[in-house]
Structures are given as structure tokens and as C-alpha cells.
Amino acid sequence: MVFPLRRLAPNQHGTRDHKPGTLRWQVPDLIDFDYYADEDERLLREHPAERKRLSERDRHLYKEQIEPFLGDADAHTRQHRNRALRWWLERRREREDPAMAELLPGQAFKRAQRLVGTAMGLTGFAIGIGVASTLLQYEGDHPVNVSWYLFWLVLLQMILVGTTIGLWYGRRSKLIKGATQDISLLGHLLRPLFSRAARWVQKQRLTHVPPDLRERAKSKQGLLQANFALYGPASYLPVLIPAQLFGIGFNIGAIIMTVTLIWFADLGFGWGSAMNVSPETIHGLTRLIALPWSWLLGEGVGLPTLDQIAGTRISLKDPLYVLDAGHLRSWRWFLVLSVLTYGLLPRIALLGLSAFKERRSLAALPFTHQAAQAPYARMITPSLETPAIRAGEGQEMPIPAPLKPLTRPTSAPRPPKAEAAPTAPESKPESPIGSAQPPKPEPQREPAPTAAPESQPPVSQDHPTIKPAPEPTPRPRTTAPEPRSEPVTKAAPQPQSVSEPVSKPVNDSSSTAPDKATALDTRDLDRIAVDADACLLLLHIDVADLLEEQDHARLQQLLRGQTGWRVAASATYGGGRAMADQIVELISNAIWHAPPARIALIQDGSQPPITENLRFLRSIRAAAGEQAQVLLALIGDPDDLEDDPLPPLSDFDFADWQRKIDQMADPYLRLVMLAPAEDETS
Amino acid sequence: METQIPTLAIVGHPNAGKSSVVATLTENDHIAIDKRAGTTTRSDQYPVEIDGKAILRFIDTPGFQNPTDILEWFQQHPDEIDLPSAFLKTHGDDRLYSHDCALMQPIAEGAGIIFVVDGSKRIKEKDRTEMELLRLTGRPRMAILNNLTTNNKYMAAWQDALNKSFNSVREFNAHRATYAERIALLNALKTIDQRWEPMLHETVLAFERDWQRRIDHSVSSILELLRKALTFKVVKIVKVNELDSDQAREMIRKRLTESLQDGLRSLENEAQAEIRGHFKHHVWNVAPDSLLVKDLFSDEVERHLGLNRHQTVLASAAAGAATGGAIDLGVGGLSFGAGTLIGAGIGGALGVLGTSQLAKLDIQRTLGVERFTLGPVSNPRFPFILLDRSILYCTRAMNWAHGRQAADEGAPNRVPDQSPKKQRGFTEALDGEDHKAMAKFFAAARKGKPCAQEQRVREILCSVLQDVSTDRIDSRASL
């Protein structure tokens, strides 16, 4: 993103180019994105009933105005997410009241960025002029000392540039990380400047808008501090760019001043040393410095000749007039070219490099943090989701029988905790999950352009359910699409992991879409493969105990409504450390298509969170990777009378969880109610 | 010697209601209780002291944070004789286990266990884990099913599950527990460790004695209130030349009436504060729809409390002292007393007490000034109403659990405060003889004389309160 120094007029969003693929993330976009995501989230918190409207809005936006522009990325891939959310932001902005659009926090940031950049450039320019004119002070008694000029304007700058580059490329090394928290101390200095400037800009604009608009915009001011930590380099590069602008301004100032003085004043240059340095040495050095341009402007023009150098040796005891005037002037272009070459050009290169880096890191943002999960899920989730949920609750009748009847009791009363070995007994209740899926009426799902044939598993493919087999023996691996090299541990495959290999062509018309795997031969897998649009479902044992077979369909539907994910495999947790270890192993062994990983946990939220729960979340995070999307969906305490094993959670309990989860400060962990209350009442 | 004191650690899952149970058992409403989980972060001791000597100690602990780990650790160390102490030794420094260690500390020191569970919820894996690990500690232990809601579906399952690991299981609603239920719980503690029996016996006796003392004090407060209220009067002296019209007199009468009522109200408030103090309540507000919040002179109070007219006449007649009032009442308010001097409208203003006025206005004229005196209260029903309200207040104070401060009174399924059965006060239910004794006491009080009936009235009140606390008399929760 090269900084438009001159363009101070605000950029109108409407005028942007909307050709497919041309939309890129810029830093102000991130700020606006955070703003919109936060606005939606707040709306949902205050008016849960808006959920449906938001889902419809985003789904509609996606189908009508976003999907056609996305190219051929598959849903749930990083690229798809990155682009889709960028377009989502664009569409949201377009729908914004035009007067309001100008007041978006991103706009303010953008203007501030420009302002700060300009200010830095101008400051640099002024300082450059000042420094150059100071160094070129010449009154006819002593010539200007070339070494000083070179030291201040060339050597020092080269050192600075070198340091910057060194820090940048060494920023991952421990040594430097320890020394400077993130690469730029400059960043720490400049960032407050940014936000202050942005606030100032915003305030200026606010005074010119009608009062009602002002009220609405007031709330947006606080949002300028986007969640920088999430965006890595993309967040601090914009801060580095003004520093480059400062350098460029400085060099231009120095050059212009030097040239001006050369033009309009008589300058005498010379060099001196108390050591016994011969002019030949100096000449050699000079030629070395002038290497970049000496092919174009040779001796006598671009650099002084040996004679000239010998003739400009300053000896303070001698009066100036003993030196030849032509020799004294011979250094001038050498100096200008030095500053140009070693001061200005590297700065310009750095600016370009920063802009390039910024663009690249912006394009690579995964957008798996929790604020991004919700809009993305709303976009890619077929919008018929709500009615389907209601049907599920109202009566279970319409749900067809499971394709493969499972005879195992799903919710045997649990014996009072006698078992120390979690695996054996625990696995039982959950087996239904992996197993036959009752085909449930699938929310009509548009053929996503992205979705390759494999994405939508209409009818359950062969999904192997690994039963809690007595003792797992190492088996032939399935042909994983991307075979990882990691050795499959022979450690017990999870109690029940269903994996779903590549599915057959989607059969959209079929109303049954057991997202789930059907039980497969247990022979198969040690590792599960998780498709790009699927996740690993982890059920708390309390929940798993209560779920009947037909409930799994609804569970998956709800999950899909929240995330857009199918379930590739499921496992039970909450029964002890051994169980937790197995899950961690399951996660790290899984073959994740379109990483980062996607994990959904279902837990009963009617008991407050305790350390144990949070520690488990931490271990999941550690196994799944920093940017993996982890969804924690809470349900309430099921009431036998209501016959609903997945009831909504009370707001109070949810808030209790929310507080604790917030304290974990895991930006990629999203907490939701699996079945929000308004569905229940409606 | 401290070690000899029976010590009970109240443990359980976060938000199970441990602090409420402790607050109610120790009648301490200063314990911080919050609906949110994790309010208690350390183990606090709440000793029960008799004459300055601790005889029983409750320890409020934080909730379990890592029950599964604790249980697994216990299971991995079957050879340890003292599991809790060994656990503390290895985990004492781990910040993640700080709550667990805080709750394990008293257990390691030999405390008995009171395990509090929320009986309104289904049994979860964590609950089973906690039951099992408490069983492994080998300490005497009792479980309390703290069910704050009407949801009783899971109670049987809880009973079964808890019976396997605990010496004793009791239901106990920390927000509604009455005195009787508290004593029953304390008695049940005897059964979990025989060695504690003498101490607990003493404790129970002490509680009972203390309870009796509170009732005695409260009755004294009530009698004092009645005595003061029945001699209370307000006086105003006005120069004759300022009384130029009937309107001016009417104004004076009104003002006097107001200040008489205000005076009576503040007397009642003082007495209520005393009673509250007797029952150790600091944070307590009466339910907003209770008669106790209504004005003392409001219609509703008049309608619901005191004796009915028939009883009043009988009692008053028997007392023979409140003749004037009784006659007033008997003839249906047609014969106004001296107050009629003032003119019409008096019945309307004072009519809150039925057809009879609250007090008589007496006007003395001397040397250019008129002296208006209103009071003392002559209405024969009023003392009964005041008495009823005071008894009602006592019953509330007695039955208000100290752990109730955080109760969600708005929760749809909370346990209701008993269904309304009776709409009338306590005194009405007494028999005629008692009424007569009371009326005589009131009459004597009005004159400021000591009365032979006072002891009798005191006994009547004591027995009423006693019966309320043991649930033999309905506490009129609906009033």
C-alpha cells in the first residue's frame, strides 16, 4: 500500500473498483471489519431475536453479492474466508448511510494515516533542509568538510537502514525479540500518535455533521483500537511506513538544499586529516563510494579526480585562497549523488518493501479469530436453518430413521463414577454420533460454487467409526489426501472418531444429508481426515449421555447454523485425563484439510466453568494450533419434561462463562449458546 | 484444644450454595454470597461460640476447580493413609490448584465434610467425581441437597447417588430453612461422627436456649411497644385569637392526627429494629407485597389484622376499661365521643380503623389559649392490630434464612413462601380468654398502670412465637 501523500481527500468507497479479485484488505478495512463484527455481536447480545435477521442478511449478501466475486476458492479455506469477509465488509459499507460511511473508524484511521504520513514527510523534509544547510555552512574562510557531510547524511543513514532491515529479518530470533518487543520502538512512539490523529480527524469531521448523525457516530470513536494483536505484521507495518516517509522527506530536503546552495551560492569543499593520509587513499575511497554511478558520471563530474582531491586537502594553517577554486567545487555532485544513492534510494526501497510486506501479510490473514467466525458462518450457512431448528424441537417425528440402526444403548444411566479408566465405559454413549446418522431434512443448500463435488456429503459416505475397540491395533492407514509424515501413534484411536474420506458427488436433491459419518468398519483409521468444511466435534460426557440418536441430527444442524461446519468426527471428553489425552492426540493426528483446525465443543453450561474446563480448552488450543477455530457451544441443563436434550442456557449462566472465557484472552475461541433462547420461545 | 472442636468443612461445586448454607447455619448474613460462581475464594471459619467459647466450627470453602485431577491423583496413590494431606503436600504451591487446596486444607486437618449439591440440577460427571473423591478422603461426611427451586425431579436420583458415599443425606433449602430445620440439621450431624455427639448435643441445646432468649426479648420489645403506643399522645397549644374559624380548628386536628400517626409509626419502627437485632439480621428487607411494608394505618392492614368486630366487643367489654371505645363500636360509631365537638368529617379522616376513631381529641380552654390533646389511642382494635403486626414481623425475622440475601426472588421456579391459607392475623386465632387478658393488659397500659395480666400476655406471645418457630403455627407467610 503505497502511501498517497498528496491525496488528502477522503476516499469514497463507492468509487472503488469492484472487479472480482481486486478487493484487498487494507489496514483501515481491518478496523472497519472489527467495528462491524463488534456491532453485530453487540446487537445479538442485546437482542438475541435479531439472530435470524442477521443470518438472513448475511446469507443473502453472500449469495447475491459476494459469492459471484470470490473466484474458485473452496469454502472454509483460508483464501475463501479472507476474500469472503473482505467482500462482506465492502457490502456492509455500501449499505451504510453515506453520511455515516464517512465516519467509520477505518475511515478515520485512513485519514489519520495520511495525516501522520504527510506530517512525517514534511517534518523530515524540514529537518533535512536544516541539517543540510547547517552542514553546508560556508563563509569563505574554511571549506565545507566533506567527511562531516558524508558522515551525517550518508553513513548514519546507512546504519539506520541496516539496523531496520536487520531487525526486521531477525525479528523472529529470540535475541532480538528479547531486546525489542516488536520490531519497532518507533511503533510504540508512533501508534499513540496515530490514534490521537485519528481521533482528532474524527472530531473535526463530527463538527460538520448533523447532530443525530453525530450521536450515532460517537459510539464508533472508541473502536479505533482494533485488535492489533490478531493481525500481526499487518498491524505494525502501517506504523513503520510513516517512518520511511520521514526518511524520504529528510533526504529530499537534504538533496534539495544541497542542490539549491550549489546553484545559488559558491561552496568550497575540502577534506582534512591529522593523520598521514594520502590523497590516493581518499581517491580510492571516493571511487568505492561512487561505484553505483561512476559508470554514468565519471571522474571530474560524479566524483573528483585525484588531482582535485589532492588539491582540496584542508590545512587550517593555510589561508583558503591557496587552494584552487575549481578543485574546491569538484566535490559537489559527488555529495549530492551520495545522498541520493545511499540515503534516498534505500528509503524508497524500504517503503516499497514495507508496502509489499503489508500487502502480503494482509492477504494471508486467516480470519479464524472468534469475531470473524460468526459473520463467516452466517454467510456460508444455508439460511433455512431456523425453521429446521424449530421443527426439530417441536416434534421429533419427521426425522427419518437412522440409515444404519445402531443397537447400542445411547444413554445408559451412568454408573456412579467407579471407573478410573475412562475409555472403556465412556465411549459407549457417544458411539451413536459417529454412527448412523438419521438423515435429516437438509436445509437446502445451494450448490456452492466453491464446493467441489466432495464438499457436501449428502448421504453418508463411508465414515469409519472407530469403536471403542478393546485394544486398537495399528491398522493400515487410510489414504489420506495429504499424507502427513507424522507417525501414527498406535495409541488408541479415539473412542469414536468418524472420519469422512472424500465424498462422492453431491447429491443435492436428496433431502437427507447426514453430515455425519456413518459407521464404518473399525478396521480403518488411526487418523481422521477433516474436510475443509467439517470440524471435529467434542461432546462433553454429560451431554453425550443424554443424546438420543435422533438428537445428533439436530445437534449437527444447530452446529452448522452456528459455524457452517459439518461434523467429520466426534469424540467425548470430560471423563478424566486419559480421555483428554486421547482427544489431544486425536486432534494432532488428524489430517486437516484447509488448516487451521476447526473444533467444536459442546458442553453443559448450567454449571459454572471451573479451572478444569479452562485447562482442557487450553490443551485443545495447544494441540490445534494458535489460529485454529475453536467453538465452545453451551447448552442448558436438559429438562426431562421438555424432552429437549439441547435446551438453551440461561443468560445468567452464559454470562458467567463469558466472563471466564474472556479472561482466557484466546481470540480464536468463540463462545456461543448452541440453541439460543429465542428459538425456543418462538 | 482447638482440635477437639467439631469442625465441618462445607464443600461442593462452585455455585452449589455453600456460602448460603453456612450463612443460614451460623445466622451470619455478612458472608459474601453472590449468584455468580466463585465468590468464595478462600476457606473462612465461622465458629459457633457459647459464652465466648467455640463449640462448633463451620468452614466455608471455595468450590472444586479440578475435581477430576484430584480424584485421579487419589486413585493413583492408594497407599497414602492420609490422602488430603498428601495431596496438599504435592499441590500446595500450584496456583491452578489454589482453590482445591484451600478446600482440602481443613479436611486434611481432620474436619468433617458437608457436601453441598444443587438438587435442582441433573447429576453430572463432575458431581460423581466429587462424591467419589470425598469418599476417598475417609472423613465423616454428610451431604446437603440444597434445592432452591421447585424442581424436584432429580431429588430421588441424588438421594440414591449420595447415599452411596455419605453417612447422611439431608434436604435443606438454604434460602428457606427455618429454625426447626436448622436444628434438625445440626442433630443429623451427630450421626456422622459419634465422637462429636456430646459437643453437638451441647450446641443444639445452646441454640435452643438462645432461641428462647430471643423470643423472650422480642416479646419484651412487643410489650414495650404496646405500652408506649397506648400512652402516646400529642398536644398542641394555640392562642384563642388565632383560632378564628372552624377551619383553623380542623387544620389543627388534622395536623395532630398526622403527628399522632407518625409517632406511632416510629414507635413501631423502633420496636422492629430491636426485634431484627434479636434475630441477628443486618441485611434484610421485607418482601414488597407484605403487609409489613404497608402503612400501619392503611385499609389493608386494618382489614387483615387484629380481631374481628365481635371479638373486639367481647374483649373490650370484658376488660371493662375501654368502655368508651367499646360503646362507640357497639353502636356503630353513631355516638361520637368528645371529638364530635370538632364537627363532621372526623369519621372520614380517622375511619381507617373502622367505624371508630383512633383517639379522642380533648380540648381545654384556659386564659386565652386552647390546649388540643389527641390521644392516647382509644380505639379498641388498634392494639390488636399493632400486636398482630409485631408478631408477624417476628415470624418473618425468625424464618428469614440468613443465606437468603442472594436469592433470586424473581426466579420463576423458586420455592414459594408457602401458599396462602389464612388471611387473618395471629391474635384472631387465639381464644376468648386470651383476648380478654390482652384487652385488660391494654386497658391498664393506657392508664400507665402495671397489670396483673402482663405475665399472662407474655406467656401467650411466647407460645405463639415458639409454635411458629417449630411450625406448629402457620407463619402467615402470605401477609
# chains A, B, ... in the order shown; residues from 1 in each chain; ligands from 1
>>> interface_residues(of="chain A", to="chain B", cutoff="7 Å", atoms="only C-alpha atoms", output="number ranges by chain")
A: 416-417, 542, 576, 608, 610-612, 637, 656
>>> write_last_selection(atoms="C-alpha atoms", output="short mmCIF file (atom, residue, chain, number, x, y, z; two decimals), in the first residue's frame")
data_model
loop_
_atom_site.label_atom_id
_atom_site.label_comp_id
_atom_site.auth_asym_id
_atom_site.auth_seq_id
_atom_site.Cartn_x
_atom_site.Cartn_y
_atom_site.Cartn_z
CA PRO A 416 -21.56 -43.68 39.78
CA LYS A 417 -18.11 -42.88 38.77
CA ASP A 542 -22.71 -35.10 30.38
CA GLY A 576 -10.73 -37.79 33.05
CA PRO A 608 -20.20 -22.60 36.18
CA ILE A 610 -14.07 -24.31 36.60
CA THR A 611 -10.37 -24.40 36.11
CA GLU A 612 -10.56 -27.91 34.81
CA ASP A 637 -29.45 -28.35 31.86
CA ASP A 656 -20.74 -16.46 33.83
#
>>> residues_around(residues="Leu537 of chain A", least_positions_apart="6", cutoff="7 Å", atoms="only C-alpha atoms", output="VMD selection string")
chain A and resid 567 569 to 571 599 to 601
>>> atom_distance(atom1="atom CA of Asn173 of chain B", atom2="atom CA of Ile635 of chain A")
25.9 Å
>>> atom_distance(atom1="atom CA of Leu104 of chain A", atom2="atom CA of Phe33 of chain A")
10.2 Å
>>> closest_residue(among="B:Gly425, B:Pro140, B:Gly110, B:Gly403", to="Glu302 of chain B", atoms="only C-alpha atoms")
B:Gly425
>>> closest_residue(among="A:Gly574, A:Gly270, A:Pro48, A:Gly343", to="Leu155 of chain A", atoms="only C-alpha atoms")
A:Gly343
>>> residues_around(residues="Glu171 of chain B", least_positions_apart="4", cutoff="10 Å", atoms="only C-alpha atoms", output="list of chain:residue names")
B:Val116, B:Val117, B:Gly119, B:Ala143, B:Ile144, B:Leu145, B:Asn146, B:Asn147, B:Met155, B:Gln159, B:Ala177, B:Glu181, B:Leu185
>>> residues_around(residues="Thr123 of chain A", least_positions_apart="3", cutoff="8 Å", atoms="only C-alpha atoms", output="list in words")
Ala119, Met120, Ala126, Ile127, Phe246, Gly249 and Phe250 of chain A
>>> residues_around(residues="segment 219-221 of chain B", least_positions_apart="2", cutoff="12 Å", atoms="only C-alpha atoms", output="ChimeraX atom specification")
/B:212-217,223-229,267-278,387,390-391,393-395,454-466
>>> closest_residue(among="B:Ala437, B:Ala23, B:Ala443, B:Val293", to="His281 of chain B", atoms="only C-alpha atoms")
B:Ala23
>>> residues_around(residues="Asp32 of chain A", least_positions_apart="3", cutoff="10 Å", atoms="only C-alpha atoms", output="list in words")
Val27, Pro28, Asp29, Tyr35, Tyr36, Ala37, Asp38, Leu89, Glu90, Arg92, Arg93, Leu104, Pro105, Gly106, Gln107, Ala108, Phe109, Lys220, Leu223, Leu224 and Ala226 of chain A
>>> write_last_selection(atoms="C-alpha atoms", output="PDB file, in the first residue's frame")
ATOM      1  CA  VAL A  27      -5.479  -1.749   7.489  1.00  0.00           C
ATOM      2  CA  PRO A  28      -8.471   0.589   7.666  1.00  0.00           C
ATOM      3  CA  ASP A  29     -10.544  -2.324   6.412  1.00  0.00           C
ATOM      4  CA  TYR A  35     -16.205  -2.488  14.027  1.00  0.00           C
ATOM      5  CA  TYR A  36     -18.951  -4.215  12.073  1.00  0.00           C
ATOM      6  CA  ALA A  37     -18.316  -7.579  13.660  1.00  0.00           C
ATOM      7  CA  ASP A  38     -18.440  -5.995  17.056  1.00  0.00           C
ATOM      8  CA  LEU A  89     -17.149  -5.723   4.661  1.00  0.00           C
ATOM      9  CA  GLU A  90     -17.497  -3.988   1.338  1.00  0.00           C
ATOM     10  CA  ARG A  92     -21.767  -3.712   4.652  1.00  0.00           C
ATOM     11  CA  ARG A  93     -20.155  -0.395   3.906  1.00  0.00           C
ATOM     12  CA  LEU A 104     -16.482   4.820  10.055  1.00  0.00           C
ATOM     13  CA  PRO A 105     -13.492   4.210  12.273  1.00  0.00           C
ATOM     14  CA  GLY A 106     -11.499   2.792   9.391  1.00  0.00           C
ATOM     15  CA  GLN A 107     -12.014   5.978   7.501  1.00  0.00           C
ATOM     16  CA  ALA A 108     -10.790   7.955  10.404  1.00  0.00           C
ATOM     17  CA  PHE A 109      -7.781   5.735  10.650  1.00  0.00           C
ATOM     18  CA  LYS A 220     -17.698   4.420  16.801  1.00  0.00           C
ATOM     19  CA  LEU A 223     -13.353   1.395  18.283  1.00  0.00           C
ATOM     20  CA  LEU A 224     -10.240   2.723  16.741  1.00  0.00           C
ATOM     21  CA  ALA A 226      -8.698  -2.563  16.539  1.00  0.00           C
TER      22      ALA A 226
END
>>> atom_distance(atom1="atom CA of Ile159 of chain A", atom2="atom CA of Val259 of chain A")
24.0 Å
>>> residues_around(residues="Lys89 of chain B", least_positions_apart="5", cutoff="10 Å", atoms="only C-alpha atoms", output="count of residues only")
3
>>> select_by_dssp(residues="segment 107-206 of chain B", states="alpha helix (DSSP H)", output="NGL selection string")
:B and (107-108 or 125-137 or 155-165 or 179-192 or 197-206)
>>> closest_residue(among="B:Lys233, B:Arg141, B:Arg95, B:Arg209", to="Arg446 of chain B", atoms="only C-alpha atoms")
B:Lys233
>>> closest_residue(among="B:Glu433, B:Ser290, B:Leu8, B:His310", to="Arg389 of chain B", atoms="only C-alpha atoms")
B:Ser290
>>> closest_residue(among="A:Thr163, A:Gly561, A:His369, A:Ile528", to="Glu626 of chain A", atoms="only C-alpha atoms")
A:His369
